[in-house]
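> As input, take start17.csv (CSV, C-alpha atoms and all ligand atoms):
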chain,number,residue,atom,x,y,z
R,1,MET,CA,0.0,0.0,0.0
R,2,SER,CA,1.3,3.4,-0.8
R,3,ALA,CA,1.1,6.4,1.6
R,4,PRO,CA,-1.3,9.2,0.9
R,5,LYS,CA,0.0,11.8,-1.5
R,6,PRO,CA,-0.3,15.4,-0.4
R,7,LYS,CA,-0.4,18.3,-2.9
R,8,LEU,CA,3.2,19.3,-3.4
R,9,PRO,CA,3.3,23.0,-4.3
R,10,ASN,CA,6.6,23.9,-5.9
R,11,ILE,CA,7.3,27.0,-3.9
R,12,ASP,CA,10.0,28.4,-1.5
R,13,LEU,CA,8.6,28.4,2.0
R,14,TYR,CA,8.9,31.5,4.2
R,15,THR,CA,12.0,31.7,6.3
R,16,ALA,CA,11.8,34.0,9.2
R,17,GLY,CA,14.7,36.1,10.4
R,18,LEU,CA,17.1,34.4,12.9
R,19,SER,CA,16.0,34.8,16.5
R,20,LYS,CA,18.7,32.8,18.2
R,21,ILE,CA,22.5,32.6,18.2
R,22,ARG,CA,24.1,29.3,19.4
R,23,LYS,CA,25.3,29.5,23.0
R,24,VAL,CA,24.3,33.2,23.2
R,25,LYS,CA,21.7,34.1,25.9
R,26,ASP,CA,19.4,36.9,24.9
R,27,PRO,CA,20.8,38.2,21.6
R,28,ILE,CA,19.7,41.6,20.4
R,29,LYS,CA,17.1,40.8,17.8
R,30,LEU,CA,16.8,43.5,15.2
R,31,SER,CA,15.7,41.2,12.4
R,32,ALA,CA,11.9,40.9,12.5
R,33,ASN,CA,10.6,44.5,12.6
R,34,GLU,CA,9.1,43.9,16.0
R,35,SER,CA,8.2,46.7,18.3
R,36,ALA,CA,11.1,48.6,20.0
R,37,LEU,CA,9.2,49.3,23.3
R,38,GLY,CA,7.0,46.2,23.5
R,39,PRO,CA,3.3,46.2,24.5
R,40,SER,CA,1.5,48.9,26.5
R,41,PRO,CA,1.6,48.3,30.3
R,42,LYS,CA,-2.2,48.2,30.1
R,43,VAL,CA,-1.8,45.1,27.9
R,44,LEU,CA,0.5,43.5,30.4
R,45,ASP,CA,-2.1,44.0,33.2
R,46,ILE,CA,-4.4,41.7,31.2
R,47,PHE,CA,-2.1,38.8,31.8
R,48,LYS,CA,-2.5,39.3,35.6
R,49,SER,CA,-6.2,39.1,35.3
R,50,ASN,CA,-8.3,36.0,35.6
R,51,VAL,CA,-9.0,34.3,32.4
R,52,ASP,CA,-11.1,31.2,32.2
R,53,LEU,CA,-8.8,29.0,30.2
R,54,LYS,CA,-11.1,26.0,30.0
R,55,LYS,CA,-13.7,28.0,28.0
R,56,TYR,CA,-13.6,28.6,24.3
R,57,PRO,CA,-13.2,32.2,23.3
R,58,ASP,CA,-15.9,34.2,21.6
R,59,GLY,CA,-15.6,32.9,18.0
R,60,SER,CA,-17.0,36.0,16.5
R,61,ASN,CA,-14.5,38.3,18.3
R,62,GLU,CA,-17.3,40.8,18.9
R,63,THR,CA,-15.4,42.7,21.7
R,64,LEU,CA,-12.3,43.4,19.6
R,65,LYS,CA,-14.4,44.2,16.5
R,66,LYS,CA,-16.4,46.8,18.6
R,67,VAL,CA,-13.2,48.5,19.8
R,68,ILE,CA,-11.8,48.6,16.2
R,69,SER,CA,-15.1,49.9,14.9
R,70,LYS,CA,-15.3,52.6,17.5
R,71,LYS,CA,-11.7,53.7,17.1
R,72,PHE,CA,-11.7,53.9,13.3
R,73,ASN,CA,-15.3,54.6,12.8
R,74,LEU,CA,-15.9,51.5,10.8
R,75,ASN,CA,-19.0,49.3,10.3
R,76,ILE,CA,-18.5,46.2,12.4
R,77,ASP,CA,-19.8,43.9,9.7
R,78,GLN,CA,-16.9,44.9,7.5
R,79,ILE,CA,-14.2,43.7,10.0
R,80,ILE,CA,-12.6,40.3,10.3
R,81,ILE,CA,-10.1,39.2,12.9
R,82,GLY,CA,-7.2,37.0,12.1
R,83,ALA,CA,-4.3,35.2,13.8
R,84,GLY,CA,-2.0,37.9,12.6
R,85,SER,CA,-2.6,39.9,9.4
R,86,ASP,CA,-0.8,36.9,7.9
R,87,GLU,CA,-4.0,34.9,8.4
R,88,ILE,CA,-6.1,37.6,6.7
R,89,ILE,CA,-3.8,37.4,3.7
R,90,SER,CA,-4.1,33.6,3.7
R,91,LEU,CA,-7.9,33.7,4.0
R,92,ALA,CA,-8.3,36.2,1.2
R,93,CYS,CA,-6.1,34.0,-1.1
R,94,GLN,CA,-8.2,30.9,-0.1
R,95,SER,CA,-11.4,32.8,-0.8
R,96,PHE,CA,-10.5,34.3,-4.2
R,97,LEU,CA,-7.8,32.2,-5.9
R,98,SER,CA,-8.1,29.1,-8.0
R,99,LYS,CA,-5.6,27.4,-10.3
R,100,ASN,CA,-4.1,29.6,-13.0
R,101,ASP,CA,-5.6,32.8,-11.6
R,102,GLU,CA,-3.0,35.6,-11.6
R,103,VAL,CA,-1.8,37.7,-8.7
R,104,ILE,CA,0.5,40.8,-8.9
R,105,VAL,CA,3.0,41.6,-6.2
R,106,ALA,CA,6.0,43.8,-6.2
R,107,GLU,CA,9.3,41.9,-6.7
R,108,GLN,CA,10.6,43.2,-3.4
R,109,SER,CA,7.6,42.9,-1.1
R,110,PHE,CA,6.4,40.8,1.9
R,111,LEU,CA,6.9,37.2,1.0
R,112,MET,CA,3.6,35.8,2.2
R,113,TYR,CA,1.7,37.4,-0.6
R,114,ARG,CA,3.4,35.2,-3.2
R,115,ILE,CA,3.5,32.2,-0.9
R,116,TYR,CA,-0.2,32.1,-0.1
R,117,SER,CA,-1.1,32.9,-3.8
R,118,GLN,CA,1.0,30.0,-5.0
R,119,LEU,CA,-0.3,27.7,-2.3
R,120,ASN,CA,-3.8,28.4,-3.8
R,121,GLY,CA,-2.7,27.6,-7.3
R,122,ALA,CA,-2.3,31.1,-8.6
R,123,VAL,CA,0.5,32.3,-10.9
R,124,VAL,CA,2.4,35.2,-9.4
R,125,LYS,CA,3.6,38.1,-11.6
R,126,PHE,CA,6.2,40.4,-10.2
R,127,SER,CA,6.1,44.1,-10.8
R,128,LYS,CA,9.3,46.0,-10.8
R,129,ASN,CA,9.9,48.5,-8.1
R,130,VAL,CA,11.1,51.9,-9.4
R,131,ASP,CA,13.6,53.7,-7.2
R,132,ASP,CA,13.0,51.0,-4.6
R,133,LYS,CA,9.3,52.0,-4.5
R,134,PHE,CA,6.2,50.2,-5.6
R,135,SER,CA,5.4,51.3,-9.1
R,136,VAL,CA,1.8,51.8,-10.1
R,137,ASP,CA,2.7,51.9,-13.8
R,138,GLU,CA,4.7,48.6,-13.7
R,139,THR,CA,1.8,47.0,-11.8
R,140,ILE,CA,-0.8,48.1,-14.3
R,141,LYS,CA,1.3,46.8,-17.2
R,142,LEU,CA,1.0,43.3,-15.7
R,143,VAL,CA,-2.8,43.2,-15.5
R,144,SER,CA,-4.5,40.6,-17.6
R,145,THR,CA,-8.0,39.1,-17.8
R,146,LYS,CA,-6.7,36.4,-15.4
R,147,THR,CA,-5.6,38.9,-12.6
R,148,LYS,CA,-7.6,38.3,-9.4
R,149,ILE,CA,-5.6,40.1,-6.7
R,150,VAL,CA,-3.0,42.9,-6.5
R,151,PHE,CA,-1.1,43.2,-3.2
R,152,ILE,CA,0.6,46.3,-1.9
R,153,ALA,CA,2.3,46.9,1.4
R,154,ASN,CA,2.4,50.6,2.1
R,155,PRO,CA,5.0,51.2,3.7
R,156,ASN,CA,6.7,48.3,2.0
R,157,ASN,CA,8.7,45.6,3.7
R,158,PRO,CA,11.6,45.1,3.1
R,159,THR,CA,12.4,48.3,1.1
R,160,GLY,CA,11.1,50.6,3.8
R,161,THR,CA,9.6,52.9,1.2
R,162,TYR,CA,6.0,54.1,0.6
R,163,ILE,CA,3.8,55.6,-2.1
R,164,ASP,CA,1.8,58.7,-1.5
R,165,SER,CA,-1.9,58.8,-1.3
R,166,GLU,CA,-2.3,60.1,-4.8
R,167,GLN,CA,-0.4,57.1,-6.2
R,168,LEU,CA,-2.4,54.7,-4.1
R,169,ILE,CA,-5.7,56.2,-5.4
R,170,ARG,CA,-4.3,56.1,-9.0
R,171,LEU,CA,-3.5,52.4,-8.5
R,172,ARG,CA,-7.1,51.6,-7.5
R,173,ASN,CA,-8.5,53.8,-10.3
R,174,ASN,CA,-6.5,52.1,-12.9
R,175,LEU,CA,-7.2,48.6,-11.9
R,176,PRO,CA,-10.3,47.0,-13.4
R,177,GLU,CA,-13.1,46.9,-10.8
R,178,HIS,CA,-13.3,43.1,-10.6
R,179,ILE,CA,-9.6,42.9,-9.3
R,180,LEU,CA,-9.3,42.7,-5.6
R,181,LEU,CA,-6.8,45.2,-4.2
R,182,MET,CA,-5.2,44.2,-0.9
R,183,VAL,CA,-3.6,47.1,0.9
R,184,ASP,CA,-1.4,46.0,3.8
R,185,ASP,CA,-1.2,48.7,6.4
R,186,ALA,CA,1.1,46.8,8.7
R,187,TYR,CA,3.5,49.7,9.4
R,188,SER,CA,1.0,52.6,8.7
R,189,GLU,CA,0.9,53.8,12.4
R,190,TYR,CA,4.6,54.8,12.2
R,191,VAL,CA,4.4,57.0,9.2
R,192,THR,CA,4.4,60.8,9.8
R,193,ASN,CA,4.9,62.1,6.2
R,194,ASN,CA,2.2,64.5,5.1
R,195,ASP,CA,1.6,63.0,1.7
R,196,TYR,CA,1.0,59.6,3.2
R,197,LYS,CA,-2.5,58.1,3.9
R,198,SER,CA,-3.1,54.6,5.1
R,199,GLY,CA,-5.2,52.2,3.1
R,200,LEU,CA,-7.9,52.4,5.8
R,201,GLU,CA,-8.1,56.2,5.4
R,202,ILE,CA,-8.2,56.1,1.6
R,203,PHE,CA,-10.6,53.2,1.1
R,204,PRO,CA,-13.2,53.3,3.8
R,205,ASN,CA,-15.9,52.5,1.2
R,206,THR,CA,-15.2,50.4,-1.9
R,207,ASN,CA,-16.6,47.2,-3.2
R,208,ASN,CA,-13.2,45.8,-4.2
R,209,THR,CA,-10.5,46.7,-1.7
R,210,ILE,CA,-9.4,45.0,1.5
R,211,ILE,CA,-7.1,46.5,4.1
R,212,CYS,CA,-5.1,44.5,6.6
R,213,ARG,CA,-3.7,45.6,9.8
R,214,THR,CA,-1.6,44.0,12.5
R,215,PHE,CA,-1.0,44.1,16.2
R,216,SER,CA,2.5,42.7,15.7
R,217,LYS,CA,4.3,46.0,14.9
R,218,ILE,CA,3.6,49.2,16.7
R,219,PHE,CA,1.4,47.5,19.3
R,220,GLY,CA,4.2,45.1,20.3
R,221,LEU,CA,2.1,41.9,20.2
R,222,ALA,CA,3.8,39.8,17.6
R,223,ASN,CA,3.8,36.7,19.8
R,224,LEU,CA,0.1,36.8,20.4
R,225,ARG,CA,-0.8,36.7,16.7
R,226,ILE,CA,-3.6,39.2,16.1
R,227,GLY,CA,-4.4,41.1,13.0
R,228,TRP,CA,-7.6,42.3,11.3
R,229,GLY,CA,-9.0,43.0,7.9
R,230,PHE,CA,-11.5,45.6,6.7
R,231,GLY,CA,-13.4,45.4,3.4
R,232,PRO,CA,-16.8,45.3,1.7
R,233,LYS,CA,-19.4,43.4,3.8
R,234,GLU,CA,-20.1,40.8,1.1
R,235,ILE,CA,-16.4,40.0,0.8
R,236,ILE,CA,-15.7,39.9,4.5
R,237,GLU,CA,-18.7,37.5,4.8
R,238,VAL,CA,-17.1,35.1,2.3
R,239,ILE,CA,-13.6,35.3,3.8
R,240,ASN,CA,-15.3,34.5,7.2
R,241,LEU,CA,-16.4,31.2,5.8
R,242,PHE,CA,-12.8,30.2,5.5
R,243,ARG,CA,-11.8,31.4,9.0
R,244,PRO,CA,-11.3,28.7,11.7
R,245,PRO,CA,-14.0,29.3,14.3
R,246,PHE,CA,-11.7,30.1,17.2
R,247,ASN,CA,-8.7,31.5,15.4
R,248,ILE,CA,-7.6,33.9,18.1
R,249,SER,CA,-7.5,33.3,21.8
R,250,GLY,CA,-9.6,35.2,24.3
R,251,ILE,CA,-6.5,36.6,25.9
R,252,ALA,CA,-5.3,37.8,22.6
R,253,GLU,CA,-8.6,39.5,22.0
R,254,LYS,CA,-8.5,41.3,25.3
R,255,ALA,CA,-4.9,42.3,24.7
R,256,GLY,CA,-5.8,43.7,21.3
R,257,CYS,CA,-8.6,45.9,22.8
R,258,ALA,CA,-6.3,47.3,25.5
R,259,ALA,CA,-3.5,48.0,23.0
R,260,LEU,CA,-5.8,49.9,20.7
R,261,GLU,CA,-7.2,52.0,23.5
R,262,ASP,CA,-3.8,53.1,24.8
R,263,ASP,CA,-3.2,56.2,22.7
R,264,PHE,CA,-0.5,57.4,25.0
R,265,TRP,CA,1.6,54.3,24.3
R,266,ILE,CA,1.1,54.5,20.6
R,267,LYS,CA,2.3,58.1,20.6
R,268,ARG,CA,5.3,57.1,22.7
R,269,ASN,CA,6.2,54.5,20.2
R,270,ILE,CA,5.9,56.9,17.3
R,271,GLU,CA,8.1,59.5,19.1
R,272,HIS,CA,10.7,56.8,19.9
R,273,ASN,CA,10.7,55.7,16.2
R,274,GLU,CA,11.0,59.3,14.9
R,275,LYS,CA,13.9,60.0,17.1
R,276,TRP,CA,15.9,56.9,16.3
R,277,LYS,CA,15.2,56.8,12.6
R,278,GLU,CA,16.9,60.2,12.3
R,279,ILE,CA,19.9,59.2,14.5
R,280,LEU,CA,20.4,55.9,12.8
R,281,PHE,CA,19.9,57.2,9.3
R,282,LYS,CA,22.6,59.8,9.8
R,283,LYS,CA,25.1,57.4,11.3
R,284,ILE,CA,24.5,54.7,8.7
R,285,LYS,CA,24.9,57.2,5.9
R,286,GLU,CA,28.2,58.4,7.3
R,287,LYS,CA,29.5,54.8,6.9
R,288,ASN,CA,28.7,54.7,3.2
R,289,ILE,CA,26.0,52.1,3.8
R,290,PHE,CA,23.1,53.1,1.5
R,291,THR,CA,19.6,53.2,2.9
R,292,ASN,CA,16.3,54.8,2.0
R,293,LYS,CA,15.1,57.4,4.4
R,294,PRO,CA,12.9,55.2,6.6
R,295,VAL,CA,9.2,55.8,7.2
R,296,ALA,CA,8.5,52.7,9.3
R,297,ASN,CA,10.5,51.0,12.0
R,298,PHE,CA,13.2,49.4,9.9
R,299,PHE,CA,16.0,50.1,7.3
R,300,LEU,CA,17.1,48.2,4.3
R,301,LEU,CA,20.9,48.5,4.2
R,302,ASN,CA,22.9,48.1,1.1
R,303,PHE,CA,26.7,47.5,1.5
R,304,ASP,CA,27.9,48.1,-2.1
R,305,PHE,CA,30.0,51.0,-1.1
R,306,ALA,CA,30.7,50.1,2.5
R,307,LYS,CA,33.8,48.8,4.1
R,308,TYR,CA,32.4,45.3,4.5
R,309,ASN,CA,29.8,43.4,2.3
R,310,SER,CA,26.5,42.2,3.8
R,311,GLU,CA,27.7,38.7,4.6
R,312,GLU,CA,30.7,40.1,6.5
R,313,ALA,CA,28.5,42.7,8.2
R,314,PHE,CA,26.0,40.1,9.2
R,315,LYS,CA,28.8,38.1,10.9
R,316,ILE,CA,30.4,41.1,12.6
R,317,PHE,CA,27.1,42.0,14.2
R,318,MET,CA,26.2,38.4,15.0
R,319,GLU,CA,29.6,38.0,16.8
R,320,ARG,CA,28.5,41.0,18.9
R,321,LYS,CA,25.2,39.3,19.6
R,322,ILE,CA,23.2,41.5,17.2
R,323,LEU,CA,20.9,39.8,14.8
R,324,LEU,CA,20.0,41.5,11.5
R,325,ARG,CA,17.9,40.0,8.7
R,326,ASN,CA,19.6,38.7,5.6
R,327,MET,CA,17.8,39.3,2.4
R,328,HIS,CA,18.5,36.0,0.7
R,329,SER,CA,14.9,34.9,0.5
R,330,TYR,CA,14.0,38.3,-0.9
R,331,ASN,CA,16.8,37.9,-3.5
R,332,ILE,CA,18.1,41.4,-2.7
R,333,LYS,CA,21.8,41.5,-3.2
R,334,ASN,CA,24.4,42.7,-0.7
R,335,SER,CA,21.8,43.9,1.8
R,336,LEU,CA,20.5,43.5,5.3
R,337,ARG,CA,17.5,44.7,7.1
R,338,LEU,CA,17.7,46.5,10.4
R,339,THR,CA,14.8,47.0,12.8
R,340,ILE,CA,14.9,50.0,15.1
R,341,GLY,CA,15.3,48.7,18.6
R,342,ASN,CA,15.0,50.2,22.1
R,343,GLU,CA,17.6,52.8,23.2
R,344,GLU,CA,20.0,50.3,24.6
R,345,GLU,CA,19.8,48.1,21.5
R,346,ASN,CA,20.3,51.0,19.1
R,347,LYS,CA,23.3,52.2,21.0
R,348,LYS,CA,24.9,48.8,20.9
R,349,PHE,CA,24.2,48.7,17.2
R,350,LEU,CA,25.9,52.1,16.8
R,351,ASP,CA,28.9,51.0,18.9
R,352,VAL,CA,29.5,48.1,16.6
R,353,LEU,CA,29.0,50.2,13.5
R,354,GLU,CA,31.5,52.7,14.8
R,355,GLU,CA,34.0,50.1,15.8
R,356,PHE,CA,34.1,48.3,12.5
R,357,PHE,CA,32.9,50.6,9.7
R,401,LIG,C1,4.1,44.0,5.3
R,401,LIG,C2,3.8,43.0,6.3
R,401,LIG,N1,2.6,42.5,6.4
R,401,LIG,C3,2.2,41.5,7.3
R,401,LIG,C4,3.1,41.0,8.2
R,401,LIG,C5,2.7,39.9,9.1
R,401,LIG,O1,2.3,40.4,10.3
R,401,LIG,P1,1.5,39.5,11.3
R,401,LIG,O2,2.4,39.3,12.4
R,401,LIG,O3,0.3,40.3,11.7
R,401,LIG,O4,1.1,38.2,10.7
R,401,LIG,C6,4.4,41.5,8.2
R,401,LIG,C7,5.4,40.9,9.1
R,401,LIG,O5,6.6,41.2,9.1
R,401,LIG,C8,4.8,42.5,7.2
R,401,LIG,O6,6.0,43.0,7.2
Here is a file; write its structure as structure tokens.


Amino acid sequence: MSAPKPKLPNIDLYTAGLSKIRKVKDPIKLSANESALGPSPKVLDIFKSNVDLKKYPDGSNETLKKVISKKFNLNIDQIIIGAGSDEIISLACQSFLSKNDEVIVAEQSFLMYRIYSQLNGAVVKFSKNVDDKFSVDETIKLVSTKTKIVFIANPNNPTGTYIDSEQLIRLRNNLPEHILLMVDDAYSEYVTNNDYKSGLEIFPNTNNTIICRTFSKIFGLANLRIGWGFGPKEIIEVINLFRPPFNISGIAEKAGCAALEDDFWIKRNIEHNEKWKEILFKKIKEKNIFTNKPVANFFLLNFDFAKYNSEEAFKIFMERKILLRNMHSYNIKNSLRLTIGNEEENKKFLDVLEEFF
């Protein structure tokens, strides 16, 4: 008897940034764009409260949806909660894609768009970035009658760049209406540039656009796995059919509510990020390491003109217990990604930079 044969998709799986170094206790992890300051103290209080662990959570996540709806003035029926925004991306792909459908993603963009698309049988077309930015024109060129979804992360991971609100509106206006546009707002809370607007602000009312948001970045809850999506009621209802009934835990839901309500903590994170993105940008540039001016909480560093190449730099930092993200799976040459850490972590990074570069 032969063993059952699973579907075998021919794709590269996601490889996360390193989080451990052998024999090193508590390395400084600046490789995964996690929050510099961690969760709000109000979220930490939740873990001290009594939670009835034997009971299933509320499968409809009503409490968190209400808090989101109130904070952003959104219709509750248009919100869906996921185990990370990652799950929202996966569910949207499951709901919309069939074999041989086409999806368009930027060549240098978050890997899960292509992975979930391919897992659902779709063919991925890669649009070229122009000046390291998502290009509306390059994307439109790839549209065909088979295109089902266009993904954009704004700001984009890993390039750290963004397109302004006019460009994002132009993208939607130039895509045929039947194409689903997914705007990933994962880092939107960090952006302070005047010409930027998040997907949620630009598209509160369309019949063909989904926005996804996460609690993993500015809210400091990556470990809890919470994200959410917003879109037309009819589409959210369909995506909900694919959602596992208890996809996020009760404690995650409570934590999400507390995180969203703590405006003081969000502001503090933005201020910390603003301060350190300037300091780090200046110092990095001084060392002939090229980087785009960041708008989110990370930098993409290119080492073409620096004293060491990216492999050497990776090792130098690792030997000093600092983990950066290599860009192999993104196929970006001679580059590393650096996340803005807390004060102590950033200072250690700068010390090593000064010593070696
Ligand atoms: C652009 C982008 N979208 C989504 C995610 C996934 O976030 P989550 O932890 O909510 O699944 C990431 C994580 O790094 C990201 O960079």

> Kindly work out which residues sit at most 8 Å from ligand LIG 401 (chain R), using only C-alpha atoms and all ligand atoms, and give the list as a JSON list (two decimals) with C-alpha atoms, in the frame of the given file.


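Final output, part_16.json:
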[["chain", "number", "residue", "atom", "x", "y", "z"],
["R", 32, "ALA", "CA", 11.90, 40.90, 12.50],
["R", 33, "ASN", "CA", 10.60, 44.50, 12.60],
["R", 34, "GLU", "CA", 9.10, 43.90, 16.00],
["R", 83, "ALA", "CA", -4.30, 35.20, 13.80],
["R", 84, "GLY", "CA", -2.00, 37.90, 12.60],
["R", 85, "SER", "CA", -2.60, 39.90, 9.40],
["R", 86, "ASP", "CA", -0.80, 36.90, 7.90],
["R", 87, "GLU", "CA", -4.00, 34.90, 8.40],
["R", 109, "SER", "CA", 7.60, 42.90, -1.10],
["R", 110, "PHE", "CA", 6.40, 40.80, 1.90],
["R", 112, "MET", "CA", 3.60, 35.80, 2.20],
["R", 153, "ALA", "CA", 2.30, 46.90, 1.40],
["R", 154, "ASN", "CA", 2.40, 50.60, 2.10],
["R", 155, "PRO", "CA", 5.00, 51.20, 3.70],
["R", 156, "ASN", "CA", 6.70, 48.30, 2.00],
["R", 157, "ASN", "CA", 8.70, 45.60, 3.70],
["R", 158, "PRO", "CA", 11.60, 45.10, 3.10],
["R", 184, "ASP", "CA", -1.40, 46.00, 3.80],
["R", 185, "ASP", "CA", -1.20, 48.70, 6.40],
["R", 186, "ALA", "CA", 1.10, 46.80, 8.70],
["R", 187, "TYR", "CA", 3.50, 49.70, 9.40],
["R", 212, "CYS", "CA", -5.10, 44.50, 6.60],
["R", 213, "ARG", "CA", -3.70, 45.60, 9.80],
["R", 214, "THR", "CA", -1.60, 44.00, 12.50],
["R", 215, "PHE", "CA", -1.00, 44.10, 16.20],
["R", 216, "SER", "CA", 2.50, 42.70, 15.70],
["R", 217, "LYS", "CA", 4.30, 46.00, 14.90],
["R", 222, "ALA", "CA", 3.80, 39.80, 17.60],
["R", 223, "ASN", "CA", 3.80, 36.70, 19.80],
["R", 225, "ARG", "CA", -0.80, 36.70, 16.70],
["R", 226, "ILE", "CA", -3.60, 39.20, 16.10],
["R", 227, "GLY", "CA", -4.40, 41.10, 13.00]]

> Just give me the gap between CA of Lys233 (chain R) and CA of Gly256 (chain R) in Å, one decimal is fine.

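Between CA of Lys233 (chain R) and CA of Gly256 (chain R) the gap is 22.2 Å.
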
> I want to know what sits within 9 Å of Ile80 (chain R), based on all atoms listed in the file, with residues of the same chain fewer than 2 positions away left out; could you give that as number ranges by chain?

R: 60-61, 65, 76-78, 82, 88, 227-231, 236-237, 239-240

> Determine, counting all atoms listed in the file, every residue of protein, DNA or RNA that lies within 12 Å of (-4.4, 53.7, 25.5) in the file coordinates, then give the result as an MDAnalysis selection string.

chainID R and resid 39:43 67 71 219 255:269

> My list of candidates is R:Ala3, R:Ile284, R:Ala16, R:Ile202. Which is closest to Ala306 (chain R) when distances are computed with only C-alpha atoms?

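Among R:Ala3, R:Ile284, R:Ala16, R:Ile202, it is R:Ile284 that comes nearest to Ala306 (chain R).
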
> Could you state the separation of CA of Asp101 (chain R) and CA of Asp12 (chain R) in Å, given to one decimal place?

19.1 Å

> Expressed in Å to a single decimal, how great is the separation between CA of Val352 (chain R) and CA of Lys25 (chain R)?

18.5 Å
